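Q: Shown below is the structure under consideration.
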Amino acid sequence: MRETQESIYADIPELRIVERDDQRSIKSFVLRGTPLKSFQVEAVRAYYDDYVIPYEPKLLDFARIFGNDKPVIIEIGFGMGVATHLIAKERTEYNYLALEVFLSGFTKLLDKVGKDGLDNIRLMRFDAVAVLEQMVGDSTVAGFHIFFPDPWPKKRQQKRRLIQGEFAALLGRKLSPGGYIYAVTDWVPYAEQMLEVFAGIEELTNPSGGFCPPVSWRPETRFEVKGREQEFQINEVWVEKKA
Ligand SMILES: C[S@@+](CC[C@H](N)C(=O)[O-])C[C@H]1O[C@@H](n2cnc3c(N)ncnc32)[C@H](O)[C@@H]1O
């Protein structure tokens, strides 16, 4: 199994750069060796060039990448990409940049979008913090989707949570006026942290004044199913950049 992962790294060395990146400001993920099935390896061979943007500390030109001026939504940590795939397929008035470091999920989404021939989505396997800091221009993003970010429940792990002051400020800077951040979690203390952190960013506003009602177009994610099975309470947060 491991050989298949090594074989795609041999073909596309840039795909593994994320594993050597030890300069991260928020250590929001831990990478483990990923067994891949043959369809995932094939997806990389078939669709990499059309769908994957390699990490490079240089600003992305979304209009050139997508060939149009549709607003761009960035999803951070798409996991298996089940919801990402459906949203891109159904909400075609947007372009999507989907970020995930987990190789198995990354290759699964690549397989789905490639087979469907979607033209409004691109994928990156890299740390979202670095991508936003180095590759995304200020005021260029119409929305962020952050569905079930790792909750890091233990006290000593909480500094690993993605949604914390500096990162929220970074999201705010990247949003265009009127753009949104839509975050969902099944970990109540993290949901409260999200509200508090976003409330601390001057340029963001919360139209619901607290948690928002479930958004009708968001499909259930893989991680959400696990949370529901444990009867965890799901909270949704929607904030916007002041126009
Ligand atoms: C708990 S999972 C949720 C996945 C998916 N959104 C869902 O709801 O099923 C969180 C995901 O975020 C990814 N992740 C964490 N930190 C990240 C980062 N800095 N950049 C990109 N992805 C990240 C992890 O690899 C993991 O797959």
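Scheme for the structure tokens: letters A, B, ... for chains in order shown; per-chain residue numbers from 1; ligand numbers from 1 in order shown.
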How close does each residue of stretch 74-98 of chain A get to stretch 141-146 of chain A, giving the shortest atom pair and distance in Å to one decimal for every residue with an atom at most 6 Å away, counting only C-alpha atoms, sorted by chain and residue number, as a Markdown table?
A:
```
| residue | atom | partner | partner_atom | distance |
| --- | --- | --- | --- | --- |
| A:Ile74 | CA | A:Phe144 | CA | 4.9 |
| A:Glu75 | CA | A:His145 | CA | 4.5 |
| A:Ile76 | CA | A:Ile146 | CA | 5.3 |
```
Q: Output C-alpha atoms for every residue in that selection, as a PDB file, in the first residue's frame.
A:
```
ATOM      1  CA  ILE A  74     -11.905  28.897  -0.365  1.00  0.00           C
ATOM      2  CA  GLU A  75     -12.617  25.768   1.654  1.00  0.00           C
ATOM      3  CA  ILE A  76     -10.159  24.932   4.400  1.00  0.00           C
TER       4      ILE A  76
END
```
Q: Using only C-alpha atoms and all ligand atoms, what table do you get, as JSON lines, when you list each residue of chain A with an atom no more than 8 Å from ligand 1, its nearest pair of atoms, and their distance in Å rounded to one decimal, rows by chain then rising number?
A:
```
{"residue": "A:Ile26", "atom": "CA", "partner": "ligand 1", "partner_atom_place_in_ligand_line": "19 (N)", "distance": 7.2}
{"residue": "A:Lys27", "atom": "CA", "partner": "ligand 1", "partner_atom_place_in_ligand_line": "19 (N)", "distance": 7.2}
{"residue": "A:Ser28", "atom": "CA", "partner": "ligand 1", "partner_atom_place_in_ligand_line": "16 (N)", "distance": 4.4}
{"residue": "A:Phe29", "atom": "CA", "partner": "ligand 1", "partner_atom_place_in_ligand_line": "16 (N)", "distance": 4.6}
{"residue": "A:Val30", "atom": "CA", "partner": "ligand 1", "partner_atom_place_in_ligand_line": "25 (O)", "distance": 7.4}
{"residue": "A:Leu31", "atom": "CA", "partner": "ligand 1", "partner_atom_place_in_ligand_line": "25 (O)", "distance": 7.5}
{"residue": "A:Ile76", "atom": "CA", "partner": "ligand 1", "partner_atom_place_in_ligand_line": "21 (C)", "distance": 5.5}
{"residue": "A:Gly77", "atom": "CA", "partner": "ligand 1", "partner_atom_place_in_ligand_line": "12 (O)", "distance": 3.3}
{"residue": "A:Phe78", "atom": "CA", "partner": "ligand 1", "partner_atom_place_in_ligand_line": "6 (N)", "distance": 4.0}
{"residue": "A:Gly79", "atom": "CA", "partner": "ligand 1", "partner_atom_place_in_ligand_line": "4 (C)", "distance": 3.5}
{"residue": "A:Met80", "atom": "CA", "partner": "ligand 1", "partner_atom_place_in_ligand_line": "9 (O)", "distance": 6.2}
{"residue": "A:Gly81", "atom": "CA", "partner": "ligand 1", "partner_atom_place_in_ligand_line": "5 (C)", "distance": 6.8}
{"residue": "A:Val82", "atom": "CA", "partner": "ligand 1", "partner_atom_place_in_ligand_line": "9 (O)", "distance": 7.5}
{"residue": "A:Ala83", "atom": "CA", "partner": "ligand 1", "partner_atom_place_in_ligand_line": "7 (C)", "distance": 7.8}
{"residue": "A:Leu99", "atom": "CA", "partner": "ligand 1", "partner_atom_place_in_ligand_line": "21 (C)", "distance": 5.2}
{"residue": "A:Glu100", "atom": "CA", "partner": "ligand 1", "partner_atom_place_in_ligand_line": "22 (N)", "distance": 3.9}
{"residue": "A:Val101", "atom": "CA", "partner": "ligand 1", "partner_atom_place_in_ligand_line": "22 (N)", "distance": 4.9}
{"residue": "A:Phe102", "atom": "CA", "partner": "ligand 1", "partner_atom_place_in_ligand_line": "25 (O)", "distance": 4.6}
{"residue": "A:Gly105", "atom": "CA", "partner": "ligand 1", "partner_atom_place_in_ligand_line": "27 (O)", "distance": 7.2}
{"residue": "A:Arg125", "atom": "CA", "partner": "ligand 1", "partner_atom_place_in_ligand_line": "21 (C)", "distance": 7.3}
{"residue": "A:Phe126", "atom": "CA", "partner": "ligand 1", "partner_atom_place_in_ligand_line": "21 (C)", "distance": 5.9}
{"residue": "A:Asp127", "atom": "CA", "partner": "ligand 1", "partner_atom_place_in_ligand_line": "20 (N)", "distance": 3.7}
{"residue": "A:Ala128", "atom": "CA", "partner": "ligand 1", "partner_atom_place_in_ligand_line": "20 (N)", "distance": 3.8}
{"residue": "A:Val129", "atom": "CA", "partner": "ligand 1", "partner_atom_place_in_ligand_line": "19 (N)", "distance": 5.6}
{"residue": "A:Ala130", "atom": "CA", "partner": "ligand 1", "partner_atom_place_in_ligand_line": "19 (N)", "distance": 7.9}
{"residue": "A:Ile146", "atom": "CA", "partner": "ligand 1", "partner_atom_place_in_ligand_line": "6 (N)", "distance": 6.6}
{"residue": "A:Phe147", "atom": "CA", "partner": "ligand 1", "partner_atom_place_in_ligand_line": "6 (N)", "distance": 4.3}
{"residue": "A:Phe148", "atom": "CA", "partner": "ligand 1", "partner_atom_place_in_ligand_line": "8 (O)", "distance": 4.5}
{"residue": "A:Pro149", "atom": "CA", "partner": "ligand 1", "partner_atom_place_in_ligand_line": "10 (C)", "distance": 4.4}
{"residue": "A:Asp150", "atom": "CA", "partner": "ligand 1", "partner_atom_place_in_ligand_line": "1 (C)", "distance": 4.1}
{"residue": "A:Pro151", "atom": "CA", "partner": "ligand 1", "partner_atom_place_in_ligand_line": "1 (C)", "distance": 7.1}
{"residue": "A:Leu162", "atom": "CA", "partner": "ligand 1", "partner_atom_place_in_ligand_line": "16 (N)", "distance": 6.6}
{"residue": "A:Glu220", "atom": "CA", "partner": "ligand 1", "partner_atom_place_in_ligand_line": "8 (O)", "distance": 7.8}
{"residue": "A:Thr221", "atom": "CA", "partner": "ligand 1", "partner_atom_place_in_ligand_line": "9 (O)", "distance": 4.4}
{"residue": "A:Arg222", "atom": "CA", "partner": "ligand 1", "partner_atom_place_in_ligand_line": "9 (O)", "distance": 4.0}
{"residue": "A:Phe223", "atom": "CA", "partner": "ligand 1", "partner_atom_place_in_ligand_line": "9 (O)", "distance": 3.6}
{"residue": "A:Glu224", "atom": "CA", "partner": "ligand 1", "partner_atom_place_in_ligand_line": "8 (O)", "distance": 5.6}
```
Q: Could you jot down the atom CA of A:Val197 to atom CA of A:Lys154 separation for me, Å, one decimal place?
A: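 One can read the atom CA of A:Val197 to atom CA of A:Lys154 distance as 18.7 Å.
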Q: Rounded to one decimal place, report the atom CA of A:Ala43-atom CA of A:Asp61 distance in Å.
A: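 About the pair atom CA of A:Ala43 and atom CA of A:Asp61: they are 25.1 Å apart.
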Q: Let's see if you can do this: from backbone DSSP, list all alpha helix (DSSP H) residues in stretch 25-235 of chain A, as an NGL selection string.
A: :A and (38-51 or 62-66 or 82-90 or 103-116 or 128-135 or 165-174 or 188-199 or 222-229)
Q: Between atom CA of A:Trp152 and atom CA of A:Tyr96, what is the distance in Å, rounded to a tenth?
A: 26.6 Å
Q: My list of candidates is A:Asp119, A:Glu19, A:Glu203, A:Asp186. Which is closest to A:Glu236 when distances are computed with only C-alpha atoms?
A: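 Closest to A:Glu236 of all the choices is A:Asp186.
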Q: Using only C-alpha atoms, which residues sit within 10 Å of A:Val72 once same-chain residues fewer than 6 positions away are excluded, as a ChimeraX atom specification?
A: /A:62-63,66,93-97,120-121,140-144,175-176,179
Q: I need the residues from that last selection saved to file as a JSON list (two decimals), in the first residue's frame (with C-alpha atoms), if you can.
A:
```json
[["chain", "number", "residue", "atom", "x", "y", "z"],
["A", 62, "PHE", "CA", -7.91, 33.52, -9.94],
["A", 63, "ALA", "CA", -9.24, 34.93, -13.22],
["A", 66, "PHE", "CA", -10.51, 29.64, -13.73],
["A", 93, "GLU", "CA", -22.00, 30.66, -9.75],
["A", 94, "TYR", "CA", -18.76, 30.41, -7.71],
["A", 95, "ASN", "CA", -15.26, 29.09, -8.25],
["A", 96, "TYR", "CA", -13.71, 27.00, -5.47],
["A", 97, "LEU", "CA", -10.21, 26.60, -4.15],
["A", 120, "ASN", "CA", -15.05, 25.56, -11.20],
["A", 121, "ILE", "CA", -12.78, 23.90, -8.64],
["A", 140, "THR", "CA", -9.95, 38.79, -3.25],
["A", 141, "VAL", "CA", -12.03, 36.04, -1.60],
["A", 142, "ALA", "CA", -15.84, 35.93, -1.64],
["A", 143, "GLY", "CA", -16.16, 33.38, 1.13],
["A", 144, "PHE", "CA", -14.48, 30.81, 3.36],
["A", 175, "LEU", "CA", -12.19, 38.63, 2.19],
["A", 176, "SER", "CA", -13.61, 41.11, -0.25],
["A", 179, "GLY", "CA", -17.61, 38.38, 1.75]]
```
Q: Show which residues sit within 9 Å of A:Phe198, as a ChimeraX atom specification. Count only C-alpha atoms, and ignore same-chain residues fewer than 2 positions away.
A: /A:163-165,168-169,172,193-196,200-202,204-206,239
Q: Could those residues be written to a file, using C-alpha atoms, as a tab-separated table (two decimals), in the first residue's frame?
A:
```
chain	number	residue	atom	x	y	z
A	163	ILE	CA	-9.76	29.57	14.31
A	164	GLN	CA	-7.89	31.83	16.69
A	165	GLY	CA	-7.15	35.55	16.67
A	168	ALA	CA	-9.30	35.09	11.91
A	169	ALA	CA	-7.65	38.44	11.15
A	172	GLY	CA	-10.78	39.01	7.35
A	193	GLN	CA	-14.35	30.39	20.65
A	194	MET	CA	-15.28	31.05	17.02
A	195	LEU	CA	-17.95	33.58	18.01
A	196	GLU	CA	-15.58	35.30	20.39
A	200	GLY	CA	-12.75	40.60	18.08
A	201	ILE	CA	-12.05	41.41	14.42
A	202	GLU	CA	-13.09	44.97	13.69
A	204	LEU	CA	-16.18	41.48	10.58
A	205	THR	CA	-19.84	41.59	11.53
A	206	ASN	CA	-22.19	38.80	12.68
A	239	VAL	CA	-19.83	36.33	9.75
```
Q: Excluding A:Lys37 and any residue of its chain fewer than 4 positions from it, enumerate the residues within 9 Å of it, using only C-alpha atoms, and give them as a VMD selection string.
A: chain A and resid 1 4 41 to 42 104
Q: In terms of the shortest atom-to-atom distance over only C-alpha atoms, which of A:Val18, A:Met135, A:Leu109, A:Ile65 is closest to A:Thr84?
A: A:Leu109
